[in-house]
>>> print(open('data.tsv').read())   # TSV, C-alpha atoms
chain	number	residue	atom	x	y	z
A	336	MET	CA	189.97	168.61	105.47
A	337	ALA	CA	193.10	170.51	106.48
A	338	ARG	CA	193.78	170.62	110.18
A	339	THR	CA	194.20	174.20	111.23
A	340	GLY	CA	193.50	174.08	114.95
A	341	ARG	CA	190.09	174.51	116.56
A	342	ARG	CA	187.30	174.85	114.09
A	343	PRO	CA	185.07	177.88	114.41
A	344	GLY	CA	181.77	176.33	113.24
A	345	ASN	CA	179.83	173.67	115.15
A	346	GLN	CA	179.52	171.46	112.08
A	347	ASP	CA	183.28	171.49	111.50
A	348	THR	CA	183.97	170.61	115.13
A	349	ARG	CA	181.48	167.76	115.05
A	350	GLU	CA	182.99	166.42	111.83
A	351	ALA	CA	186.53	166.66	113.18
A	352	ILE	CA	185.51	164.68	116.28
A	353	LEU	CA	183.79	162.05	114.13
A	354	MET	CA	186.87	161.66	111.93
A	355	ALA	CA	189.19	161.35	114.91
A	356	ALA	CA	186.79	158.85	116.50
A	357	LYS	CA	186.69	156.68	113.38
A	358	GLU	CA	190.47	156.58	113.34
A	359	ALA	CA	190.70	155.77	117.04
A	360	PHE	CA	188.01	153.05	117.07
A	361	ALA	CA	189.48	151.35	114.01
A	362	ALA	CA	193.07	151.57	115.27
A	363	ARG	CA	192.50	150.63	118.93
A	364	GLY	CA	189.08	149.02	119.09
A	365	TYR	CA	186.11	150.25	121.09
A	366	ASP	CA	187.45	149.42	124.54
A	367	LYS	CA	190.89	150.97	124.20
A	368	ALA	CA	189.89	154.13	122.36
A	369	SER	CA	189.40	156.99	124.81
A	370	ILE	CA	187.46	160.24	124.65
A	371	ARG	CA	190.57	162.11	125.72
A	372	GLN	CA	192.59	160.65	122.85
A	373	ILE	CA	189.81	161.31	120.33
A	374	ALA	CA	189.54	164.91	121.54
A	375	SER	CA	193.29	165.27	121.13
A	376	GLY	CA	193.10	163.86	117.58
A	377	ALA	CA	190.38	166.37	116.72
A	378	GLU	CA	192.26	169.17	118.49
A	379	VAL	CA	189.32	169.99	120.73
A	380	ASP	CA	188.64	169.88	124.45
A	381	PRO	CA	187.27	166.50	125.73
A	382	ALA	CA	184.29	168.39	127.14
A	383	LEU	CA	183.28	169.24	123.58
A	384	VAL	CA	183.18	165.54	122.67
A	385	HIS	CA	180.77	164.96	125.55
A	386	HIS	CA	178.84	168.03	124.53
A	387	TYR	CA	178.31	166.84	120.96
A	388	PHE	CA	177.93	163.09	121.48
A	389	GLY	CA	177.11	162.46	125.14
A	390	SER	CA	179.12	159.26	125.65
A	391	LYS	CA	181.74	157.07	124.05
A	392	GLU	CA	179.03	154.60	123.14
A	393	LYS	CA	176.89	157.20	121.39
A	394	LEU	CA	179.97	158.57	119.61
A	395	PHE	CA	180.74	155.06	118.38
A	396	LEU	CA	177.19	154.61	117.04
A	397	ALA	CA	177.52	157.98	115.30
A	398	THR	CA	180.77	156.95	113.55
A	399	LEU	CA	178.97	153.87	112.23
A	400	GLU	CA	175.93	155.92	111.25
A	401	ALA	CA	174.11	153.10	113.05
A	402	PRO	CA	170.44	153.18	112.10
A	403	VAL	CA	169.35	151.57	115.37
A	404	ASP	CA	170.45	152.03	118.95
A	405	PRO	CA	171.15	148.64	120.54
A	406	GLY	CA	170.48	150.32	123.88
A	407	GLU	CA	166.79	150.23	122.99
A	408	MET	CA	166.73	146.62	121.82
A	409	ILE	CA	168.86	144.87	124.43
A	410	PRO	CA	166.37	145.31	127.30
A	411	LYS	CA	163.66	143.60	125.21
A	412	ILE	CA	165.97	140.68	124.47
A	413	VAL	CA	167.15	140.12	128.04
A	414	ALA	CA	163.78	140.77	129.70
A	415	GLY	CA	162.66	137.46	131.15
A	416	GLY	CA	166.20	136.20	131.58
A	417	VAL	CA	167.73	133.16	129.97
A	418	ASP	CA	164.43	131.38	129.27
A	419	GLY	CA	163.45	132.03	125.67
A	420	VAL	CA	166.30	134.46	125.01
A	421	GLY	CA	167.11	132.66	121.73
A	422	GLU	CA	163.67	133.20	120.27
A	423	ARG	CA	163.49	136.80	121.49
A	424	LEU	CA	166.87	137.62	119.98
A	425	VAL	CA	165.95	136.15	116.59
A	426	ARG	CA	162.51	137.82	116.60
A	427	ILE	CA	163.86	141.30	117.43
A	428	PHE	CA	166.75	140.89	114.98
A	429	LEU	CA	164.31	140.07	112.15
A	430	THR	CA	162.00	142.91	113.15
A	431	VAL	CA	164.87	145.39	112.84
A	432	TRP	CA	166.01	143.95	109.48
A	433	ASP	CA	162.45	144.04	108.13
A	434	SER	CA	162.11	147.71	109.15
A	435	PRO	CA	163.40	150.65	107.08
A	436	ALA	CA	166.65	150.41	109.10
A	437	GLY	CA	167.34	147.08	107.40
A	438	THR	CA	168.63	148.78	104.27
A	439	SER	CA	171.29	150.67	106.23
A	440	ILE	CA	172.34	147.55	108.11
A	441	ALA	CA	172.68	145.66	104.84
A	442	ALA	CA	174.93	148.45	103.53
A	443	LEU	CA	177.09	148.21	106.65
A	444	LEU	CA	177.40	144.43	106.27
A	445	ARG	CA	178.22	144.68	102.56
A	446	SER	CA	180.85	147.28	103.33
A	447	ALA	CA	182.38	145.05	106.02
A	448	LEU	CA	183.10	142.47	103.36
A	449	SER	CA	185.05	144.80	101.13
A	450	HIS	CA	186.91	146.97	103.62
A	451	ASP	CA	189.00	145.87	106.56
A	452	TRP	CA	188.10	149.08	108.34
A	453	SER	CA	184.38	148.34	108.09
A	454	ALA	CA	184.93	144.72	109.11
A	455	ARG	CA	186.76	145.85	112.22
A	456	MET	CA	184.09	148.39	113.09
A	457	LEU	CA	181.33	145.86	112.57
A	458	ARG	CA	183.18	143.39	114.79
A	459	GLU	CA	183.55	146.01	117.52
A	460	PHE	CA	179.90	146.93	117.18
A	461	VAL	CA	178.61	143.37	117.36
A	462	THR	CA	180.85	142.38	120.25
A	463	SER	CA	180.93	145.51	122.42
A	464	GLN	CA	177.45	146.89	121.79
A	465	ILE	CA	175.31	143.83	121.34
A	466	LEU	CA	176.76	140.50	122.47
A	467	ARG	CA	178.60	141.66	125.56
A	468	ARG	CA	175.55	143.52	126.80
A	469	ILE	CA	173.29	140.53	126.25
A	470	VAL	CA	175.54	138.07	128.08
A	471	GLN	CA	176.17	140.57	130.90
A	472	ASN	CA	172.44	140.74	131.49
A	473	LEU	CA	171.94	136.99	131.56
A	474	GLU	CA	173.29	134.49	134.04
A	475	ILE	CA	176.00	133.12	131.78
A	476	ASP	CA	179.35	131.91	133.14
A	477	PRO	CA	181.69	134.82	132.36
A	478	LYS	CA	184.43	132.36	131.35
A	479	GLU	CA	182.15	130.83	128.72
A	480	ALA	CA	180.39	134.01	127.65
A	481	PRO	CA	182.78	135.16	124.88
A	482	THR	CA	182.73	131.78	123.10
A	483	ARG	CA	178.96	131.46	123.50
A	484	ALA	CA	178.45	135.01	122.20
A	485	SER	CA	180.64	134.47	119.14
A	486	LEU	CA	178.79	131.23	118.30
A	487	ALA	CA	175.51	133.15	118.45
A	488	ALA	CA	177.04	135.88	116.28
A	489	SER	CA	177.99	133.32	113.63
A	490	GLN	CA	174.37	132.19	113.30
A	491	MET	CA	172.92	135.73	113.36
A	492	VAL	CA	175.34	137.08	110.74
A	493	GLY	CA	174.63	134.00	108.60
A	494	LEU	CA	170.88	134.47	108.97
A	495	ALA	CA	171.24	138.06	107.76
A	496	MET	CA	173.37	136.93	104.82
A	497	ALA	CA	171.11	134.03	103.79
A	498	ARG	CA	167.80	135.87	104.21
A	499	TYR	CA	168.61	139.43	103.18
A	500	ILE	CA	171.80	139.50	101.10
A	501	VAL	CA	172.51	136.26	99.25
A	502	LYS	CA	168.75	135.50	99.47
A	503	ILE	CA	168.87	131.72	99.66
A	504	GLU	CA	165.39	130.24	99.33
A	505	PRO	CA	163.22	129.31	101.08
A	506	ILE	CA	164.77	130.98	104.16
A	507	ALA	CA	164.66	134.34	102.37
A	508	SER	CA	160.85	134.24	102.16
A	509	LEU	CA	159.88	132.24	105.26
A	510	PRO	CA	157.43	133.97	107.62
A	511	ARG	CA	159.24	135.62	110.49
A	512	GLU	CA	157.84	133.24	113.11
A	513	ALA	CA	158.97	130.21	111.12
A	514	VAL	CA	162.53	131.53	111.26
A	515	VAL	CA	162.14	132.24	114.99
A	516	ALA	CA	160.96	128.65	115.58
A	517	ALA	CA	163.78	127.15	113.52
A	518	ILE	CA	166.75	129.30	114.60
A	519	GLY	CA	165.68	130.39	118.11
A	520	PRO	CA	166.70	127.00	119.63
A	521	THR	CA	170.16	127.30	118.05
A	522	ILE	CA	170.76	130.67	119.71
A	523	GLN	CA	169.29	129.36	122.96
A	524	ARG	CA	171.78	126.48	122.99
A	525	TYR	CA	174.74	128.68	122.03
A	526	LEU	CA	173.98	131.19	124.78
A	527	ALA	CA	172.72	128.97	127.58
A	528	GLY	CA	172.56	125.29	126.60
A	529	PRO	CA	175.06	122.43	126.50
A	530	VAL	CA	177.99	123.11	124.15
A	531	GLU	CA	180.47	120.25	124.21
A	532	GLY	CA	184.06	121.05	125.07
A	533	LEU	CA	183.35	124.69	125.84
A	534	ASP	CA	185.55	124.59	128.94
A	535	GLN	CA	188.55	123.48	126.87
A	536	TYR	CA	188.68	126.57	124.75
A	537	GLN	CA	188.46	129.63	126.92
B	1384	MET	CA	185.57	141.19	72.84
B	1385	ALA	CA	183.79	141.82	69.52
B	1386	ARG	CA	181.62	138.97	68.32
B	1387	THR	CA	182.63	138.05	64.81
B	1388	GLY	CA	181.32	134.52	64.44
B	1389	ARG	CA	183.25	131.38	65.30
B	1390	ARG	CA	186.60	132.03	66.83
B	1391	PRO	CA	189.60	130.49	65.20
B	1392	GLY	CA	191.77	129.89	68.29
B	1393	ASN	CA	190.93	127.44	71.09
B	1394	GLN	CA	191.45	130.06	73.77
B	1395	ASP	CA	189.01	132.47	72.14
B	1396	THR	CA	186.36	129.75	71.80
B	1397	ARG	CA	186.79	128.72	75.42
B	1398	GLU	CA	186.51	132.35	76.56
B	1399	ALA	CA	183.42	132.96	74.43
B	1400	ILE	CA	181.74	129.91	75.95
B	1401	LEU	CA	182.64	131.05	79.47
B	1402	MET	CA	181.23	134.53	78.86
B	1403	ALA	CA	178.00	133.16	77.41
B	1404	ALA	CA	177.75	130.73	80.34
B	1405	LYS	CA	178.18	133.49	82.94
B	1406	GLU	CA	175.39	135.45	81.27
B	1407	ALA	CA	173.11	132.43	81.09
B	1408	PHE	CA	173.67	131.21	84.66
B	1409	ALA	CA	173.16	134.68	86.08
B	1410	ALA	CA	170.07	135.40	83.98
B	1411	ARG	CA	168.31	132.03	84.27
B	1412	GLY	CA	169.91	130.26	87.21
B	1413	TYR	CA	171.75	126.96	87.10
B	1414	ASP	CA	168.77	124.71	86.46
B	1415	LYS	CA	167.20	126.66	83.62
B	1416	ALA	CA	170.37	127.54	81.73
B	1417	SER	CA	171.04	125.01	78.96
B	1418	ILE	CA	174.17	123.97	77.11
B	1419	ARG	CA	172.35	124.54	73.82
B	1420	GLN	CA	171.48	128.09	74.76
B	1421	ILE	CA	175.01	128.82	76.02
B	1422	ALA	CA	176.45	127.43	72.77
B	1423	SER	CA	174.10	129.65	70.82
B	1424	GLY	CA	175.17	132.69	72.85
B	1425	ALA	CA	178.81	131.88	72.14
B	1426	GLU	CA	178.04	131.15	68.48
B	1427	VAL	CA	179.56	127.70	68.65
B	1428	ASP	CA	178.27	124.14	68.30
B	1429	PRO	CA	176.98	122.57	71.56
B	1430	ALA	CA	179.45	119.71	71.02
B	1431	LEU	CA	182.28	122.21	71.51
B	1432	VAL	CA	180.91	123.18	74.93
B	1433	HIS	CA	181.04	119.52	75.95
B	1434	HIS	CA	184.47	119.24	74.40
B	1435	TYR	CA	185.90	122.12	76.43
B	1436	PHE	CA	184.05	121.71	79.73
B	1437	GLY	CA	182.62	118.17	79.87
B	1438	SER	CA	179.31	118.95	81.60
B	1439	LYS	CA	177.02	121.80	82.62
B	1440	GLU	CA	178.17	121.34	86.19
B	1441	LYS	CA	181.86	121.63	85.30
B	1442	LEU	CA	181.13	124.61	83.08
B	1443	PHE	CA	179.36	126.27	86.01
B	1444	LEU	CA	182.33	125.67	88.32
B	1445	ALA	CA	184.61	127.14	85.64
B	1446	THR	CA	182.51	130.34	85.40
B	1447	LEU	CA	182.89	130.74	89.16
B	1448	GLU	CA	186.61	129.93	89.01
B	1449	ALA	CA	185.67	127.63	91.92
B	1450	PRO	CA	188.82	126.60	93.75
B	1451	VAL	CA	187.30	123.32	94.94
B	1452	ASP	CA	185.08	120.78	93.25
B	1453	PRO	CA	182.13	119.95	95.51
B	1454	GLY	CA	181.95	116.65	93.64
B	1455	GLU	CA	184.99	115.54	95.61
B	1456	MET	CA	183.75	116.72	99.01
B	1457	ILE	CA	180.10	115.65	98.96
B	1458	PRO	CA	180.81	111.89	99.12
B	1459	LYS	CA	182.89	112.42	102.28
B	1460	ILE	CA	180.06	114.40	103.89
B	1461	VAL	CA	177.26	111.94	103.07
B	1462	ALA	CA	179.30	108.77	103.69
B	1463	GLY	CA	177.77	107.13	106.75
B	1464	GLY	CA	174.34	108.63	106.10
B	1465	VAL	CA	172.42	110.98	108.36
B	1466	ASP	CA	174.24	110.01	111.57
B	1467	GLY	CA	176.96	112.55	112.24
B	1468	VAL	CA	176.42	114.44	108.97
B	1469	GLY	CA	176.42	117.76	110.84
B	1470	GLU	CA	179.88	117.25	112.30
B	1471	ARG	CA	181.28	115.92	109.01
B	1472	LEU	CA	179.92	118.88	107.07
B	1473	VAL	CA	181.41	121.40	109.50
B	1474	ARG	CA	184.75	119.57	109.65
B	1475	ILE	CA	185.16	119.35	105.85
B	1476	PHE	CA	183.97	122.93	105.40
B	1477	LEU	CA	186.63	124.17	107.85
B	1478	THR	CA	189.30	121.99	106.25
B	1479	VAL	CA	188.61	123.57	102.85
B	1480	TRP	CA	188.59	127.10	104.30
B	1481	ASP	CA	191.85	126.48	106.16
B	1482	SER	CA	193.49	125.21	102.95
B	1483	PRO	CA	194.98	127.50	100.25
B	1484	ALA	CA	191.57	127.41	98.52
B	1485	GLY	CA	190.15	129.40	101.43
B	1486	THR	CA	191.52	132.66	100.07
B	1487	SER	CA	189.65	132.21	96.79
B	1488	ILE	CA	186.43	131.30	98.56
B	1489	ALA	CA	186.74	134.39	100.75
B	1490	ALA	CA	187.12	136.50	97.59
B	1491	LEU	CA	183.98	134.93	96.12
B	1492	LEU	CA	182.02	135.61	99.31
B	1493	ARG	CA	183.25	139.20	99.52
B	1494	SER	CA	182.32	139.74	95.91
B	1495	ALA	CA	178.83	138.33	96.54
B	1496	LEU	CA	178.22	141.14	98.99
B	1497	SER	CA	179.01	143.93	96.57
B	1498	HIS	CA	177.62	142.59	93.31
B	1499	ASP	CA	174.17	141.19	92.63
B	1500	TRP	CA	175.64	139.00	89.91
B	1501	SER	CA	178.07	137.39	92.32
B	1502	ALA	CA	175.36	136.99	94.95
B	1503	ARG	CA	173.16	135.18	92.47
B	1504	MET	CA	176.00	132.92	91.33
B	1505	LEU	CA	176.97	132.13	94.92
B	1506	ARG	CA	173.35	131.29	95.70
B	1507	GLU	CA	173.15	128.99	92.69
B	1508	PHE	CA	176.44	127.37	93.66
B	1509	VAL	CA	175.49	126.77	97.28
B	1510	THR	CA	172.01	125.47	96.49
B	1511	SER	CA	172.56	123.47	93.28
B	1512	GLN	CA	176.08	122.17	93.83
B	1513	ILE	CA	176.29	121.65	97.57
B	1514	LEU	CA	173.03	121.58	99.51
B	1515	ARG	CA	170.85	119.80	96.99
B	1516	ARG	CA	173.44	117.07	96.53
B	1517	ILE	CA	173.82	116.58	100.26
B	1518	VAL	CA	170.10	116.26	100.94
B	1519	GLN	CA	169.61	114.01	97.88
B	1520	ASN	CA	172.15	111.62	99.34
B	1521	LEU	CA	170.58	111.50	102.79
B	1522	GLU	CA	167.17	110.20	103.75
B	1523	ILE	CA	165.53	113.57	104.17
B	1524	ASP	CA	161.86	114.18	103.39
B	1525	PRO	CA	161.98	115.88	99.95
B	1526	LYS	CA	159.21	118.28	101.03
B	1527	GLU	CA	161.31	119.46	103.97
B	1528	ALA	CA	164.69	119.33	102.27
B	1529	PRO	CA	164.82	122.86	100.78
B	1530	THR	CA	163.97	124.54	104.10
B	1531	ARG	CA	166.36	122.31	106.02
B	1532	ALA	CA	169.13	122.97	103.49
B	1533	SER	CA	168.67	126.74	103.60
B	1534	LEU	CA	168.76	126.71	107.42
B	1535	ALA	CA	172.06	124.82	107.25
B	1536	ALA	CA	173.33	127.31	104.68
B	1537	SER	CA	172.55	130.21	107.01
B	1538	GLN	CA	174.79	128.70	109.72
B	1539	MET	CA	177.60	127.73	107.34
B	1540	VAL	CA	177.73	131.14	105.63
B	1541	GLY	CA	177.67	132.79	109.06
B	1542	LEU	CA	180.47	130.55	110.31
B	1543	ALA	CA	182.59	131.57	107.32
B	1544	MET	CA	181.81	135.24	107.95
B	1545	ALA	CA	182.47	135.14	111.70
B	1546	ARG	CA	185.63	133.00	111.55
B	1547	TYR	CA	187.31	134.11	108.33
B	1548	ILE	CA	185.99	137.50	107.24
B	1549	VAL	CA	184.67	139.63	110.12
B	1550	LYS	CA	186.93	137.58	112.46
B	1551	ILE	CA	184.83	137.69	115.62
B	1552	GLU	CA	186.79	136.29	118.58
B	1553	PRO	CA	187.08	133.73	119.99
B	1554	ILE	CA	185.38	131.78	117.18
B	1555	ALA	CA	187.98	133.09	114.72
B	1556	SER	CA	190.80	131.33	116.59
B	1557	LEU	CA	189.07	128.27	118.12
B	1558	PRO	CA	190.64	124.92	117.24
B	1559	ARG	CA	188.83	123.29	114.35
B	1560	GLU	CA	187.43	120.45	116.48
B	1561	ALA	CA	186.00	122.90	119.01
B	1562	VAL	CA	184.01	124.51	116.19
B	1563	VAL	CA	182.94	121.08	114.96
B	1564	ALA	CA	181.70	120.16	118.46
B	1565	ALA	CA	179.84	123.44	118.90
B	1566	ILE	CA	178.27	123.89	115.45
B	1567	GLY	CA	177.97	120.27	114.25
B	1568	PRO	CA	174.83	119.67	116.37
B	1569	THR	CA	173.18	122.76	114.85
B	1570	ILE	CA	173.69	121.46	111.32
B	1571	GLN	CA	172.59	117.99	112.42
B	1572	ARG	CA	169.30	119.37	113.75
B	1573	TYR	CA	168.70	121.59	110.70
B	1574	LEU	CA	169.25	118.69	108.28
B	1575	ALA	CA	167.75	115.79	110.17
B	1576	GLY	CA	166.45	116.75	113.62
B	1577	PRO	CA	163.24	118.25	114.95
B	1578	VAL	CA	162.53	121.72	113.53
B	1579	GLU	CA	159.25	123.10	114.82
B	1580	GLY	CA	156.65	124.14	112.28
B	1581	LEU	CA	158.65	122.91	109.31
B	1582	ASP	CA	155.55	121.37	107.72
B	1583	GLN	CA	153.78	124.72	107.74
B	1584	TYR	CA	156.22	126.44	105.45
B	1585	GLN	CA	156.92	124.27	102.44
>>> encode(input="data.tsv", output="structure tokens")
Amino acid sequence: MARTGRRPGNQDTREAILMAAKEAFAARGYDKASIRQIASGAEVDPALVHHYFGSKEKLFLATLEAPVDPGEMIPKIVAGGVDGVGERLVRIFLTVWDSPAGTSIAALLRSALSHDWSARMLREFVTSQILRRIVQNLEIDPKEAPTRASLAASQMVGLAMARYIVKIEPIASLPREAVVAAIGPTIQRYLAGPVEGLDQYQ
Amino acid sequence: MARTGRRPGNQDTREAILMAAKEAFAARGYDKASIRQIASGAEVDPALVHHYFGSKEKLFLATLEAPVDPGEMIPKIVAGGVDGVGERLVRIFLTVWDSPAGTSIAALLRSALSHDWSARMLREFVTSQILRRIVQNLEIDPKEAPTRASLAASQMVGLAMARYIVKIEPIASLPREAVVAAIGPTIQRYLAGPVEGLDQYQ
């Protein structure tokens, strides 16, 4: 698409914002990318970015074509606090993967393996949209939270790979609640249980 | 390569066997593929397959261009029995990934995400060459072993993804022994500890 100043049609403007946002999120990460900068890249007024996408978070989800909005899932995971958060996280994660959205998520994960851009976007998505919001809502020592969150991410990404992509049996065909019972305690320990040496590596 | 009966040169024969083996392993899986059948597909005598590759296992590793031979790692993991197997598995796994072989393994994992053939071969490799041999060498209830092994696989694949491919921080830069201390107990529990409801899903 040639850049010839402000686009007349709504669709063109929306597309130009999305393209500028993809560039900005990949180059700077979610936190450092700004609406003002994205608007400048798209050669539009920042107000138009808000008009089309509402918030930086929603714009980010749109660039990923994210099939689910973590904003709807997080409250269910953190409701009830730390107790049982591991099982709730695994259960809701599997419910989303087993829904029609699962196909889109699998495509995103596959793509992350072949393209550095996708890998970076997936990383930003998992850390800024999911893990950070979960640990912020629980009573987890902020110094330990990033390590705990990335340990949990390693098990959740691996569960998705083993069950839905590489399809290692029998975990690929286990009933959902069997997976929750087996892997829930792992997530519980990573997020809120004893993890040896955690204070050494912050 | 056109198939015109037995190949005169050694290199051609070796290649023909490899191609037939890739087809057979992908179509039937490691266990059901036979040397006789692979020889027939390559239009050579089964003795030649043994001559070039030694065993079905070594032929399988050759089709994968596997950069490491699990036969050399497994004894180190199972030495000492069930006690501490989780930490040993994580430590040796990270040592291999941090070695020059890591680049080839990352390529194999990436490829498994984009191609069903690679995914199937990776699955066969992980289950037949690594997990089965680990659980056979430990005192694990054979009825529970497949589920326990696939739970361990989910964490190990996820660790590789989080640390080496998607590079989620801080797990991507943690010292090796910090990862061993954090994730070793998970593998220990999956292989040999209490996993609720395991007997319901065999």
>>> atom_distance(input="data.tsv", atom1="CA of Ala442 in chain A", atom2="CA of Ser390 in chain A")
25.0 Å
>>> residues_around(input="data.tsv", residues="range 399-405 of chain A", least_positions_apart="5", cutoff="7 Å", atoms="all atoms listed in the file", output="list in words")
Ala436, Ser439, Gln464 and Ile465 of chain A
>>> interface_residues(input="data.tsv", of="chain A", to="chain B", cutoff="7 Å", atoms="all atoms listed in the file", output="ChimeraX atom specification")
/A:445,448-449,454-455,458,481-482,485-486,489-490,492-494,497,500-501,503-506,509,513,516-517,521,530-532,536
>>> residues_around(input="data.tsv", residues="range 1417-1427 of chain B", least_positions_apart="5", cutoff="10 Å", atoms="all atoms listed in the file", output="list in words")
Arg1386, Thr1387, Gly1388, Arg1389, Arg1390, Thr1396, Arg1397, Glu1398, Ala1399, Ile1400, Leu1401, Met1402, Ala1403, Ala1404, Lys1405, Glu1406, Ala1407, Phe1408, Arg1411, Gly1412, Val1432, His1433, Ser1438, Lys1439 and Leu1442 of chain B
>>> atom_distance(input="data.tsv", atom1="CA of Glu422 in chain A", atom2="CA of Leu1521 in chain B")
28.7 Å
>>> atom_distance(input="data.tsv", atom1="CA of Gly416 in chain A", atom2="CA of Gly528 in chain A")
13.6 Å
>>> closest_residue(input="data.tsv", among="B:Thr1486, B:Thr1446, B:Thr1478, B:Gln1394", to="Trp1500 in chain B", atoms="all atoms listed in the file")
B:Thr1446
>>> closest_residue(input="data.tsv", among="B:Ala1575, B:Ala1410, B:Val1479, B:Ala1416", to="Ala1528 in chain B", atoms="all atoms listed in the file")
B:Ala1575
>>> closest_residue(input="data.tsv", among="A:Phe460, A:Arg423, A:Ser434, A:Val417", to="Ala397 in chain A", atoms="only C-alpha atoms")
A:Phe460
>>> closest_residue(input="data.tsv", among="B:Asp1466, B:Asn1393, B:Ser1511, B:Arg1516", to="His1434 in chain B", atoms="all atoms listed in the file")
B:Asn1393
>>> closest_residue(input="data.tsv", among="A:Leu396, A:Gln523, A:Met408, A:Ile427", to="Tyr365 in chain A", atoms="only C-alpha atoms")
A:Leu396
